[in-house]
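Peer 1: Once you've had a glance at the structure underneath, I'll fire off some questions.
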There are 2 protein chains.
Amino acid sequence: VSAEQFAALLGPAGWRSGADAAGYARDWLDRFGVPPLGVARPASTPEVAAVVALCRAQGIALTPQGGRTSLCGAAVTPDPRGVILSLERMTAIGAPDRDSGTVTVEAGVVLAALHAALEGSGQIFPLRLGAEGSARIGGLIATNAGGSHAARYGTMQDLVYGLEVVLPDGTVWNGLRAVQKDNAGYQLRRLFCGAEGTLGIVTRAVLKLAPAPQARATAFLALRDAAALVAFGRAIRAEAAEFLSGLEFFSETGLVLALKHVPNLTYPLGSRASFYLLVELEAGSPKVPLDAILEDAIARGLERGEILDGAIAASEAQRRMFWRLREEQPEGQRLEGAQLKHDIAVPPGRIADYIAAGAAFCAGHLPGIRINPFGHLADGNIHYNLTVPEGRSDFAGLAATLDEGLARLAESMGGSFAAEHGLGRSKIALADALRSPAERALMRAIKQALDPNGTLNPGVIVSGEES
Amino acid sequence: VSAEQFAALLGPAGWRSGADAAGYARDWLDRFGVPPLGVARPASTPEVAAVVALCRAQGIALTPQGGRTSLCGAAVTPDPRGVILSLERMTAIGAPDRDSGTVTVEAGVVLAALHAALEGSGQIFPLRLGAEGSARIGGLIATNAGGSHAARYGTMQDLVYGLEVVLPDGTVWNGLRAVQKDNAGYQLRRLFCGAEGTLGIVTRAVLKLAPAPQARATAFLALRDAAALVAFGRAIRAEAAEFLSGLEFFSETGLVLALKHVPNLTYPLGSRASFYLLVELEAGSPKVPLDAILEDAIARGLERGEILDGAIAASEAQRRMFWRLREEQPEGQRLEGAQLKHDIAVPPGRIADYIAAGAAFCAGHLPGIRINPFGHLADGNIHYNLTVPEGRSDFAGLAATLDEGLARLAESMGGSFAAEHGLGRSKIALADALRSPAERALMRAIKQALDPNGTLNPGVIVSGEES
């Protein structure tokens with residue numbers, strides 16, 4: 001009965017079920033999700049509102065799904081009676097407002113499509129991440145996405161000026177204001193960023209744009225050790241200041257795996273080291289001597305012994321190769337075999353401490369375990385991923401122990417066990433264990449206040465049973 | 001009885017009443033506030049928690065107060081049985097973390113004291129505003145303060161990594177994490193920013209620092225008209241991009257009042273115009289040719305006829321004078337007589353439209369009314385302030401009409417009627433009138449969920465009677 005109601009409401013293009021819904025059922029890591037009752041594909045905000053209202057009336061759990069690249073099970077459902085909501089038909093991109101530096105988009109827009117639409121406009125939307133070819137704006141907002149340029153430009157919540165949201169009772173909140181400063185009460189636009197679709201369905205957004213860079217310099221560096229990462233990171237943050245767009249690191253372990261498994265990668269230096277760092281500076285004025293600033297910073301890093309070797313990209317092709325070495329880190333590791341992913345953040349000054357303590361902890365539990373820390377040096381976000389020891393195919397039942405120990409270690413250093421991927425379904429137990437009862441109770445109170453029936457993505461961020 | 005309990009709890013230094021509390025009773029504009037039961041001045045987070053718990057147990061309304069420069073009555077109480085909470089004894093500033101770019105402070109720290117503490121550290125806390133000599137961190141967080149550098153560095157919520165908050169039931173939420181990326185559920189740290197003390201009492205914060213600028217160039221420009229403000233604003237935002245620290249405008253009306261009333265102001269140009277613009281560029285590297293970038297942008301603005309005259313500061317003294325001309329705008333107007341203040345924001349591209357439509361609206365109601373728009377060009381935040389016509393001492397009973405009309409005009413342009421000062425007590429009726437029932441209901445639901453007894457700053461953001 002329910003399925004027919006959705007089909008009647010949305011028409012043949014707007015409702016998929018059975019085999020047509022199979023492609024929406026599982027998450028990117030193929031760990032979560034069952035085939036749902038169906039997939040609602042509304043084409044407008046009123047249709048989204050009607051879907052939400054119907055779900056609420058029928059007691060159906062509604063799970064919004066963007067590009068389905070969630071790493072924590074937030075965008076699929078464990079409930080065969082549940083409905084998945086995809087806004088993939090809502091992909092309108094408004095004309096960028098050049099005078100005000102904003103653009104209004106529908107939530108189904110794929111990030112790469114937005115980048116493409118802004119080409120030549122003199123403005124950019126400065127969120128960059130590996131999944132940009134599939135990630136959609138609604139999902140990026142729901143997860144408060146970060147990525148490689150967050151230290152300079154902010155995470156998604158810093159880039160959202162206004163939102164249109166369908167609330168759990170099916171009413172539409174029009175908060176599509178196009179200004180940075182709006183202090184007319186609680187910062188609702190920020191609250192919906194990172195709420196993982198549990199408080200409302202974002203349907204449209206006014207996004208902040210930045211001037212397109214007019215100059216760029218990119219270096220690939222081999223660093224002595226993790227301590228050198230921290231020391232040179234501090235120096236380059238000070239010396240490159242507002243030009244620093246990217247500061248991405250990875251390890252020799254990860255380089256080996258990427259070169260082994262990913263075709264057409266070229267290592268650009270003559271010697272190897274324990275850590276590698278990609279530094280990218282961008283400036284809005286062609287008058288800025290970025291090469292000189294970068295060369296001087298590197299020269300000083302060499303003098304201090306932090307940098308062992310390095311190259312500055314002489315062409316766009318070379319620059320792309322530097323980035324690919326970093327971006328293929330997840331793929332190289334995935335192809336090596338069983339892995340455990342951890343998305344932690346620590347204050348940048350503690351990165352070396354974390355890497356050392358994490359290695360000791362992991363090796364103490366499972367000798368030979370391969371650790372592949374990579375990520376965003378400027379904001380301290382480490383994807384501290386583990387691969388099984390050579391010759392093993394699993395983690396010997398230690399996955400939960402490793403997950404929790406590494407999470408606790410990040411928290412103990414003033415960091416976060418859930419930096420940019422969110423809690424979803426897979427990290428709720430960790431959140432309940434590691435975060436204070438006061439914090440978890442606040443979140444349950446907010447969920448209960450805004451979605452008392454538990455219609456929207458139940459079981460995400462807070463467990464369904466509580467409150 | 002209650003007063004004695006507070007005195008017993010906090011000791012003689014921690015509780016003021018009677019004449020000793022008189023200095024805390026009224027707001028900065030002397031429009032709101034009655035003498036409270038007393039002023040609680042706790043010296044530690046546990047003492048704050050005890051005060052909150054006692055207020056809740058006794059049914060006493062607790063109003064937190066920072067530097068008491070609120071313009072909307074948020075930091076004083078209309079309730080003679082209410083208690084004011086001041087954290088002026090909690091003024092510790094931790095050692096700045098140079099490796100991670102953060103500093104941890106208590107909420108009673110005055111902004112200027114934080115600036116002074118960071119002198120010579122190579123880092124700055126980039127929030128700047130006129131009231132920085134009195135405004136305290138807790139109040140800046142509670143109001144999500146913006147100021148003159150918000151377009152570059154963000155508002156307060158963008159600068160807060162972690163918070164410690166005493167919740168309405170007296171429990172302490174320790175969210176003092178020191179990382180940008182923390183997506184472990186709802187963004188509570190953002191929710192408390194701008195909550196005006198209605199959801200919790202911020203006691204400590206981990207703040208984000210920025211590299212101290214190493215170069216600076218400042219210009220004072222006379223512009224043809226409001227349309228030229230918009231056009232040159234767009235150009236300089238593109239050409240100066242990440243160097244643009246300040247883009248502050250004011251009008252000939254405001255200049256006349258400032259020169260008339262404020263001593264020791266010097267106008268730096270040979271001719272006058274209808275609008276003036278202060279442009280300040282700052283760079284983290286001394287290698288950036290800021291003067292050349294600024295001179296070129298000005299030359300193009302002159303060619304296009306947007307700029308009529310201008311000067312680049314040749315000394316720090318001259319730069320300070322440029323800034324004083326802008327910063328003394330409120331004081332010049334205050335000394336001229338009765339005024340109405342409006343804190344609106346529109347998309348920067350709509351500033352000229354707003355100024356023109358606002359002038360027509362105001363003159364239609366009260367011929368001869370003097371309009372003094374000034375503010376932050378880069379983020380569209382206009383302090384659209386009105387002075388009575390010459391010879392009049394009041395607004396002829398039209399204050400509410402003018403307030404509402406100008407508020408509606410901002411909202412109709414995709415802006416906000418409450419840009420950076422908050423709602424407090426004075427703008428709740430406007431919020432109820434101008435914002436959707438869905439938005440106001442969301443805010444009431446959040447307040448009800450977190451502070452069901454209405455202990456913290458009742459009557460602020462949402463009216464006390466509802467929910």
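Here, A, B, ... name the chains of the structure tokens in the order displayed, residue numbers run from 1 inside each chain, and ligands are numbered from 1 in the same displayed order.
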Could you give me the residues within range 217-294 of chain B that DSSP places in strand (DSSP E), as a PyMOL selection string?

Peer 2: chain B and resi 217-223+244-251+275-283

Peer 1: Let me see the file: selected residues, N, CA, C and O atoms, as a short mmCIF file (atom, residue, chain, number, x, y, z; two decimals), in the first residue's frame.

Peer 2:
```
data_model
loop_
_atom_site.label_atom_id
_atom_site.label_comp_id
_atom_site.auth_asym_id
_atom_site.auth_seq_id
_atom_site.Cartn_x
_atom_site.Cartn_y
_atom_site.Cartn_z
N ALA B 217 48.53 47.69 3.69
CA ALA B 217 48.33 48.91 2.91
C ALA B 217 46.90 49.37 3.14
O ALA B 217 45.98 48.55 3.09
N THR B 218 46.74 50.66 3.38
CA THR B 218 45.42 51.19 3.74
C THR B 218 45.13 52.43 2.91
O THR B 218 45.98 53.32 2.79
N ALA B 219 43.94 52.47 2.34
CA ALA B 219 43.54 53.63 1.54
C ALA B 219 42.25 54.22 2.06
O ALA B 219 41.39 53.50 2.60
N PHE B 220 42.12 55.54 1.88
CA PHE B 220 40.87 56.24 2.17
C PHE B 220 40.38 56.83 0.86
O PHE B 220 41.10 57.60 0.22
N LEU B 221 39.17 56.47 0.46
CA LEU B 221 38.68 56.84 -0.87
C LEU B 221 37.36 57.59 -0.77
O LEU B 221 36.53 57.30 0.10
N ALA B 222 37.21 58.56 -1.67
CA ALA B 222 35.93 59.25 -1.82
C ALA B 222 35.24 58.68 -3.05
O ALA B 222 35.84 58.68 -4.15
N LEU B 223 34.01 58.21 -2.88
CA LEU B 223 33.32 57.54 -3.99
C LEU B 223 32.15 58.35 -4.51
O LEU B 223 31.51 59.08 -3.77
N LEU B 244 42.21 41.12 1.52
CA LEU B 244 41.27 42.16 1.90
C LEU B 244 40.85 41.98 3.36
O LEU B 244 40.06 41.09 3.69
N SER B 245 41.37 42.82 4.23
CA SER B 245 41.04 42.71 5.66
C SER B 245 39.88 43.62 6.03
O SER B 245 39.06 43.26 6.86
N GLY B 246 39.86 44.83 5.48
CA GLY B 246 38.81 45.78 5.85
C GLY B 246 38.27 46.49 4.63
O GLY B 246 39.04 46.88 3.73
N LEU B 247 36.95 46.66 4.57
CA LEU B 247 36.32 47.38 3.48
C LEU B 247 35.12 48.08 4.11
O LEU B 247 34.00 47.59 4.10
N GLU B 248 35.40 49.24 4.69
CA GLU B 248 34.45 49.91 5.57
C GLU B 248 33.97 51.20 4.92
O GLU B 248 34.79 52.02 4.48
N PHE B 249 32.68 51.39 4.90
CA PHE B 249 32.16 52.59 4.25
C PHE B 249 31.33 53.44 5.21
O PHE B 249 30.82 52.95 6.22
N PHE B 250 31.25 54.72 4.87
CA PHE B 250 30.30 55.60 5.55
C PHE B 250 29.94 56.73 4.59
O PHE B 250 30.49 56.82 3.49
N SER B 251 29.03 57.59 5.04
CA SER B 251 28.45 58.58 4.12
C SER B 251 28.89 60.00 4.48
O SER B 251 29.42 60.26 5.56
N PHE B 275 30.03 59.25 -0.57
CA PHE B 275 30.41 58.09 0.24
C PHE B 275 31.93 57.98 0.36
O PHE B 275 32.66 58.42 -0.54
N TYR B 276 32.35 57.39 1.46
CA TYR B 276 33.77 57.18 1.72
C TYR B 276 34.01 55.70 2.00
O TYR B 276 33.14 55.00 2.53
N LEU B 277 35.20 55.28 1.62
CA LEU B 277 35.52 53.86 1.75
C LEU B 277 36.94 53.71 2.28
O LEU B 277 37.88 54.32 1.75
N LEU B 278 37.06 52.91 3.33
CA LEU B 278 38.37 52.56 3.86
C LEU B 278 38.70 51.15 3.36
O LEU B 278 37.91 50.23 3.54
N VAL B 279 39.83 51.04 2.69
CA VAL B 279 40.26 49.74 2.17
C VAL B 279 41.56 49.36 2.87
O VAL B 279 42.53 50.13 2.85
N GLU B 280 41.58 48.20 3.48
CA GLU B 280 42.82 47.77 4.12
C GLU B 280 43.18 46.37 3.66
O GLU B 280 42.38 45.44 3.77
N LEU B 281 44.38 46.25 3.11
CA LEU B 281 44.91 44.95 2.69
C LEU B 281 46.00 44.53 3.67
O LEU B 281 46.81 45.35 4.11
N GLU B 282 46.03 43.26 3.98
CA GLU B 282 47.10 42.73 4.84
C GLU B 282 47.56 41.40 4.27
O GLU B 282 46.74 40.62 3.77
N ALA B 283 48.84 41.14 4.38
CA ALA B 283 49.40 39.89 3.84
C ALA B 283 50.32 39.27 4.87
O ALA B 283 50.98 39.96 5.65
#
```

Peer 1: Give me the residues near range 420-437 of chain B as number ranges by chain, where near means some atom within 7 Å (using only C-alpha atoms) and where sequence neighbours in that chain fewer than 2 positions away do not count.

Peer 2: A: 181-185; B: 71-74, 143, 145-146, 343, 404, 408, 418, 439-441, 459-463

Peer 1: Can you write out the residues you just picked, keeping C-alpha atoms, as a PDB file, in the first residue's frame?

Peer 2:
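Done, and the output landed in out_15.pdb:
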```
ATOM      1  CA  LYS A 181      25.712  38.000   8.836  1.00  0.00           C
ATOM      2  CA  ASP A 182      22.323  36.861  10.053  1.00  0.00           C
ATOM      3  CA  ASN A 183      22.076  36.814  13.829  1.00  0.00           C
ATOM      4  CA  ALA A 184      18.308  36.707  14.085  1.00  0.00           C
ATOM      5  CA  GLY A 185      18.327  33.978  16.683  1.00  0.00           C
TER       6      GLY A 185
ATOM      7  CA  LEU B  71      22.363  47.166  21.478  1.00  0.00           C
ATOM      8  CA  CYS B  72      19.240  45.043  21.884  1.00  0.00           C
ATOM      9  CA  GLY B  73      18.816  44.594  25.606  1.00  0.00           C
ATOM     10  CA  ALA B  74      20.141  41.053  25.775  1.00  0.00           C
ATOM     11  CA  THR B 143      26.130  37.304  20.109  1.00  0.00           C
ATOM     12  CA  ALA B 145      29.953  38.915  16.927  1.00  0.00           C
ATOM     13  CA  GLY B 146      31.078  40.004  13.489  1.00  0.00           C
ATOM     14  CA  ASP B 343      21.649  46.606  11.933  1.00  0.00           C
ATOM     15  CA  GLU B 404       9.745  47.606  10.617  1.00  0.00           C
ATOM     16  CA  ARG B 408      11.231  44.288   5.801  1.00  0.00           C
ATOM     17  CA  ALA B 418      19.346  41.413  12.443  1.00  0.00           C
ATOM     18  CA  GLU B 439      11.590  29.346  11.785  1.00  0.00           C
ATOM     19  CA  ARG B 440      10.283  30.789  15.014  1.00  0.00           C
ATOM     20  CA  ALA B 441       8.813  27.434  16.016  1.00  0.00           C
ATOM     21  CA  GLY B 459      12.555  36.680  27.078  1.00  0.00           C
ATOM     22  CA  VAL B 460      15.573  36.828  24.790  1.00  0.00           C
ATOM     23  CA  ILE B 461      15.464  35.398  21.209  1.00  0.00           C
ATOM     24  CA  VAL B 462      12.050  33.854  21.861  1.00  0.00           C
ATOM     25  CA  SER B 463       9.438  35.438  24.090  1.00  0.00           C
TER      26      SER B 463
END
```

Peer 1: Counting only C-alpha atoms, which residue out of A:Ile446, A:Val166, A:Leu118, A:Leu308 sits closest to chain B?

Peer 2: A:Ile446

Peer 1: Going by DSSP on the backbone, which residues of range 55-269 of chain B come out as alpha helix (DSSP H)? List them as a PyMOL selection string.

Peer 2: chain B and resi 55-58+111-118+137-142+150-153+156-159+188-192+226-240+252-261

Peer 1: I'd like the contact shell of Val230 in chain B - 12 Å cut-off, only C-alpha atoms, skipping same-chain residues fewer than 6 positions apart - returned as a CSV table (one decimal) with all heavy atoms, in the first residue's frame.

Peer 2:
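What landed in part.csv:
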```
chain,number,residue,atom,x,y,z
A,98,ARG,N,27.8,37.7,-9.0
A,98,ARG,CA,29.1,38.2,-9.1
A,98,ARG,C,29.3,39.4,-8.1
A,98,ARG,O,30.4,39.6,-7.5
A,98,ARG,CB,29.4,38.7,-10.5
A,98,ARG,CG,30.9,38.7,-10.9
A,98,ARG,CD,31.0,38.9,-12.4
A,98,ARG,NE,30.4,40.1,-12.9
A,98,ARG,CZ,31.0,41.0,-13.6
A,98,ARG,NH1,32.3,40.9,-13.9
A,98,ARG,NH2,30.4,42.1,-14.0
A,99,ASP,N,28.3,40.2,-7.9
A,99,ASP,CA,28.4,41.3,-7.0
A,99,ASP,C,28.5,40.9,-5.6
A,99,ASP,O,29.0,41.6,-4.7
A,99,ASP,CB,27.2,42.3,-7.2
A,99,ASP,CG,27.2,43.0,-8.5
A,99,ASP,OD1,28.4,43.1,-9.1
A,99,ASP,OD2,26.2,43.4,-9.0
A,100,SER,N,27.8,39.8,-5.3
A,100,SER,CA,27.7,39.4,-3.9
A,100,SER,C,28.5,38.1,-3.5
A,100,SER,O,28.6,37.8,-2.3
A,100,SER,CB,26.2,39.1,-3.5
A,100,SER,OG,25.5,40.3,-3.8
B,223,LEU,N,34.0,58.2,-2.9
B,223,LEU,CA,33.3,57.5,-4.0
B,223,LEU,C,32.2,58.4,-4.5
B,223,LEU,O,31.5,59.1,-3.8
B,223,LEU,CB,32.9,56.1,-3.6
B,223,LEU,CG,34.0,55.1,-3.8
B,223,LEU,CD1,34.9,55.1,-2.6
B,223,LEU,CD2,33.5,53.7,-4.1
B,224,ARG,N,31.9,58.1,-5.8
B,224,ARG,CA,30.9,58.9,-6.5
B,224,ARG,C,29.5,58.8,-5.9
B,224,ARG,O,28.8,59.8,-5.6
B,224,ARG,CB,30.9,58.5,-8.0
B,224,ARG,CG,30.0,59.3,-8.9
B,224,ARG,CD,29.9,58.6,-10.2
B,224,ARG,NE,29.2,57.3,-10.0
B,224,ARG,CZ,29.5,56.2,-10.6
B,224,ARG,NH1,30.5,56.1,-11.5
B,224,ARG,NH2,28.8,55.1,-10.4
B,236,ILE,N,37.4,45.3,-6.0
B,236,ILE,CA,38.5,45.1,-5.0
B,236,ILE,C,38.4,43.8,-4.3
B,236,ILE,O,39.5,43.2,-4.0
B,236,ILE,CB,38.5,46.3,-4.0
B,236,ILE,CG1,39.8,46.3,-3.1
B,236,ILE,CG2,37.3,46.3,-3.0
B,236,ILE,CD1,41.0,46.8,-3.9
B,237,ARG,N,37.2,43.2,-4.2
B,237,ARG,CA,37.1,41.9,-3.6
B,237,ARG,C,37.8,40.9,-4.5
B,237,ARG,O,38.4,39.9,-4.1
B,237,ARG,CB,35.7,41.5,-3.4
B,237,ARG,CG,35.0,42.2,-2.2
B,237,ARG,CD,33.9,41.4,-1.5
B,237,ARG,NE,33.0,40.8,-2.5
B,237,ARG,CZ,32.0,41.5,-3.1
B,237,ARG,NH1,31.7,42.7,-2.8
B,237,ARG,NH2,31.2,40.8,-3.9
B,247,LEU,N,37.0,46.7,4.6
B,247,LEU,CA,36.3,47.4,3.5
B,247,LEU,C,35.1,48.1,4.1
B,247,LEU,O,34.0,47.6,4.1
B,247,LEU,CB,35.9,46.4,2.4
B,247,LEU,CG,35.5,47.0,1.0
B,247,LEU,CD1,36.7,47.7,0.4
B,247,LEU,CD2,35.0,45.9,0.1
B,249,PHE,N,32.7,51.4,4.9
B,249,PHE,CA,32.2,52.6,4.2
B,249,PHE,C,31.3,53.4,5.2
B,249,PHE,O,30.8,53.0,6.2
B,249,PHE,CB,31.3,52.2,3.0
B,249,PHE,CG,29.9,51.7,3.3
B,249,PHE,CD1,28.8,52.6,3.3
B,249,PHE,CD2,29.7,50.4,3.7
B,249,PHE,CE1,27.6,52.1,3.6
B,249,PHE,CE2,28.5,49.9,4.0
B,249,PHE,CZ,27.4,50.8,3.9
B,275,PHE,N,30.0,59.3,-0.6
B,275,PHE,CA,30.4,58.1,0.2
B,275,PHE,C,31.9,58.0,0.4
B,275,PHE,O,32.7,58.4,-0.5
B,275,PHE,CB,29.8,56.8,-0.4
B,275,PHE,CG,28.4,56.6,-0.1
B,275,PHE,CD1,27.4,57.0,-1.0
B,275,PHE,CD2,27.9,56.1,1.1
B,275,PHE,CE1,26.1,56.9,-0.8
B,275,PHE,CE2,26.6,56.0,1.4
B,275,PHE,CZ,25.7,56.4,0.4
B,277,LEU,N,35.2,55.3,1.6
B,277,LEU,CA,35.5,53.9,1.7
B,277,LEU,C,36.9,53.7,2.3
B,277,LEU,O,37.9,54.3,1.8
B,277,LEU,CB,35.4,53.2,0.4
B,277,LEU,CG,35.6,51.7,0.3
B,277,LEU,CD1,34.5,51.0,1.1
B,277,LEU,CD2,35.6,51.2,-1.1
B,301,GLY,N,39.7,52.1,-10.5
B,301,GLY,CA,38.5,52.7,-10.0
B,301,GLY,C,38.3,54.1,-10.4
B,301,GLY,O,37.2,54.6,-10.6
B,306,GLU,N,34.4,55.5,-10.6
B,306,GLU,CA,33.8,55.1,-9.3
B,306,GLU,C,34.5,55.9,-8.1
B,306,GLU,O,33.8,56.3,-7.2
B,306,GLU,CB,34.0,53.6,-9.0
B,306,GLU,CG,33.3,52.8,-10.0
B,306,GLU,CD,33.9,51.4,-10.3
B,306,GLU,OE1,34.8,51.0,-9.5
B,306,GLU,OE2,33.4,50.7,-11.2
B,307,ILE,N,35.8,56.1,-8.2
B,307,ILE,CA,36.5,56.8,-7.2
B,307,ILE,C,36.8,58.3,-7.7
B,307,ILE,O,37.2,58.5,-8.8
B,307,ILE,CB,37.9,56.1,-7.0
B,307,ILE,CG1,37.7,54.7,-6.5
B,307,ILE,CG2,38.7,56.9,-6.0
B,307,ILE,CD1,38.9,53.9,-6.4
B,346,VAL,N,22.4,43.1,3.6
B,346,VAL,CA,21.8,42.6,2.3
B,346,VAL,C,23.0,42.1,1.5
B,346,VAL,O,24.2,42.3,1.8
B,346,VAL,CB,21.2,43.8,1.5
B,346,VAL,CG1,19.9,44.3,2.2
B,346,VAL,CG2,22.2,45.0,1.4
B,347,PRO,N,22.7,41.3,0.5
B,347,PRO,CA,23.9,40.8,-0.4
B,347,PRO,C,24.6,42.1,-0.8
B,347,PRO,O,24.0,43.1,-1.2
B,347,PRO,CB,23.1,40.1,-1.5
B,347,PRO,CG,21.8,39.7,-0.9
B,347,PRO,CD,21.5,40.7,0.0
B,348,PRO,N,25.9,42.1,-0.8
B,348,PRO,CA,26.7,43.3,-1.2
B,348,PRO,C,26.3,43.9,-2.5
B,348,PRO,O,26.3,45.1,-2.6
B,348,PRO,CB,28.1,42.7,-1.2
B,348,PRO,CG,28.1,41.6,-0.3
B,348,PRO,CD,26.8,40.9,-0.4
B,349,GLY,N,25.9,43.1,-3.4
B,349,GLY,CA,25.4,43.7,-4.7
B,349,GLY,C,24.1,44.5,-4.6
B,349,GLY,O,23.8,45.3,-5.5
B,350,ARG,N,23.4,44.4,-3.5
B,350,ARG,CA,22.2,45.1,-3.3
B,350,ARG,C,22.3,46.4,-2.4
B,350,ARG,O,21.3,47.0,-2.0
B,350,ARG,CB,21.1,44.2,-2.7
B,350,ARG,CG,20.8,42.9,-3.5
B,350,ARG,CD,20.3,43.2,-4.9
B,350,ARG,NE,19.2,44.1,-5.0
B,350,ARG,CZ,17.9,43.6,-4.9
B,350,ARG,NH1,17.7,42.4,-4.8
B,350,ARG,NH2,16.9,44.5,-5.0
B,351,ILE,N,23.5,46.7,-2.0
B,351,ILE,CA,23.7,47.8,-1.0
B,351,ILE,C,23.2,49.1,-1.6
B,351,ILE,O,22.5,49.9,-0.9
B,351,ILE,CB,25.2,47.9,-0.6
B,351,ILE,CG1,25.6,46.8,0.3
B,351,ILE,CG2,25.5,49.3,0.0
B,351,ILE,CD1,27.0,46.8,0.7
B,352,ALA,N,23.5,49.4,-2.8
B,352,ALA,CA,23.0,50.7,-3.4
B,352,ALA,C,21.5,50.7,-3.5
B,352,ALA,O,20.8,51.7,-3.2
B,352,ALA,CB,23.6,50.9,-4.8
B,353,ASP,N,20.9,49.5,-3.9
B,353,ASP,CA,19.4,49.4,-3.9
B,353,ASP,C,18.8,49.7,-2.6
B,353,ASP,O,17.8,50.4,-2.4
B,353,ASP,CB,19.0,48.0,-4.4
B,353,ASP,CG,19.5,47.7,-5.8
B,353,ASP,OD1,19.8,48.7,-6.6
B,353,ASP,OD2,19.6,46.5,-6.2
B,354,TYR,N,19.5,49.1,-1.6
B,354,TYR,CA,18.9,49.3,-0.2
B,354,TYR,C,19.0,50.7,0.2
B,354,TYR,O,18.1,51.3,0.8
B,354,TYR,CB,19.7,48.4,0.8
B,354,TYR,CG,19.0,48.4,2.2
B,354,TYR,CD1,18.0,47.5,2.4
B,354,TYR,CD2,19.3,49.4,3.1
B,354,TYR,CE1,17.3,47.6,3.6
B,354,TYR,CE2,18.7,49.5,4.3
B,354,TYR,CZ,17.7,48.6,4.6
B,354,TYR,OH,17.0,48.6,5.8
B,355,ILE,N,20.1,51.3,0.0
B,355,ILE,CA,20.3,52.7,0.4
B,355,ILE,C,19.3,53.6,-0.3
B,355,ILE,O,18.7,54.5,0.4
B,355,ILE,CB,21.8,53.2,0.2
B,355,ILE,CG1,22.7,52.5,1.2
B,355,ILE,CG2,21.9,54.7,0.3
B,355,ILE,CD1,24.2,52.7,0.9
B,376,HIS,N,30.0,47.6,6.7
B,376,HIS,CA,31.0,46.6,6.2
B,376,HIS,C,30.6,46.2,4.8
B,376,HIS,O,29.7,45.4,4.6
B,376,HIS,CB,31.0,45.4,7.2
B,376,HIS,CG,31.0,45.8,8.6
B,376,HIS,ND1,32.0,46.5,9.2
B,376,HIS,CD2,30.0,45.6,9.6
B,376,HIS,CE1,31.7,46.7,10.5
B,376,HIS,NE2,30.5,46.2,10.8
B,377,LEU,N,31.3,46.8,3.9
B,377,LEU,CA,30.9,46.7,2.5
B,377,LEU,C,31.0,45.2,2.0
B,377,LEU,O,30.2,44.7,1.2
B,377,LEU,CB,31.7,47.6,1.6
B,377,LEU,CG,31.3,47.7,0.1
B,377,LEU,CD1,29.9,48.2,-0.1
B,377,LEU,CD2,32.3,48.5,-0.6
B,378,ALA,N,32.0,44.5,2.4
B,378,ALA,CA,32.3,43.2,1.9
B,378,ALA,C,31.3,42.2,2.3
B,378,ALA,O,31.1,41.2,1.6
B,378,ALA,CB,33.7,42.7,2.3
B,379,ASP,N,30.6,42.4,3.4
B,379,ASP,CA,29.6,41.4,3.8
B,379,ASP,C,28.2,42.0,3.8
B,379,ASP,O,27.2,41.3,4.1
B,379,ASP,CB,29.9,40.8,5.2
B,379,ASP,CG,30.0,41.8,6.3
B,379,ASP,OD1,29.3,42.8,6.3
B,379,ASP,OD2,30.9,41.6,7.1
B,380,GLY,N,28.1,43.2,3.3
B,380,GLY,CA,26.7,43.8,3.1
B,380,GLY,C,26.0,44.2,4.4
B,380,GLY,O,24.8,44.5,4.4
```

Peer 1: At what distance in Å, to one decimal, does CA of Ala419 in chain A lie from CA of Ile344 in chain A?

Peer 2: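 Separating CA of Ile344 in chain A from CA of Ala419 in chain A is a distance of 5.1 Å.
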
Peer 1: Smallest atom-to-atom distance to Ala205 in chain A: which of A:Asn385, A:Gln123, A:Thr104, A:Ser148, using only C-alpha atoms?

Peer 2: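 Distance minimum relative to Ala205 in chain A lands on A:Thr104.
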
Peer 1: Kindly give the distance, in Å, that separates CA of Pro168 in chain B and CA of Cys55 in chain B, rounded to a single decimal.

Peer 2: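 Here the two named atoms are 9.3 Å from each other.
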
Peer 1: Which of these, B:Leu402, B:Ile137, B:Gly38, B:Asp291, has the shortest distance to Glu4 in chain B once you count only C-alpha atoms?

Peer 2: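 Once distances to Glu4 in chain B are computed over only C-alpha atoms, the minimum belongs to B:Gly38.
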
Peer 1: May I have the residues within 7 Å of range 320-336 of chain B as a list of chain:residue names, using only C-alpha atoms and disregarding those fewer than 3 positions away in the same chain?

Peer 2: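 Surrounding residues, per the criterion: B:Gly130, B:Phe220, B:Phe250, B:Gly254, B:Leu257, B:Ala258, B:His261, B:Val262, B:Leu265, B:Leu278, B:Glu316, B:Ala317, B:Gln339.
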
Peer 1: Tell me, as a PyMOL selection string, which residues lie within 12 Å of Ala113 in chain B, counting only C-alpha atoms; anything in the same chain fewer than 2 positions away does not count.

Peer 2: chain B and resi 91-93+105-106+108-111+115-119+124-125+132-137
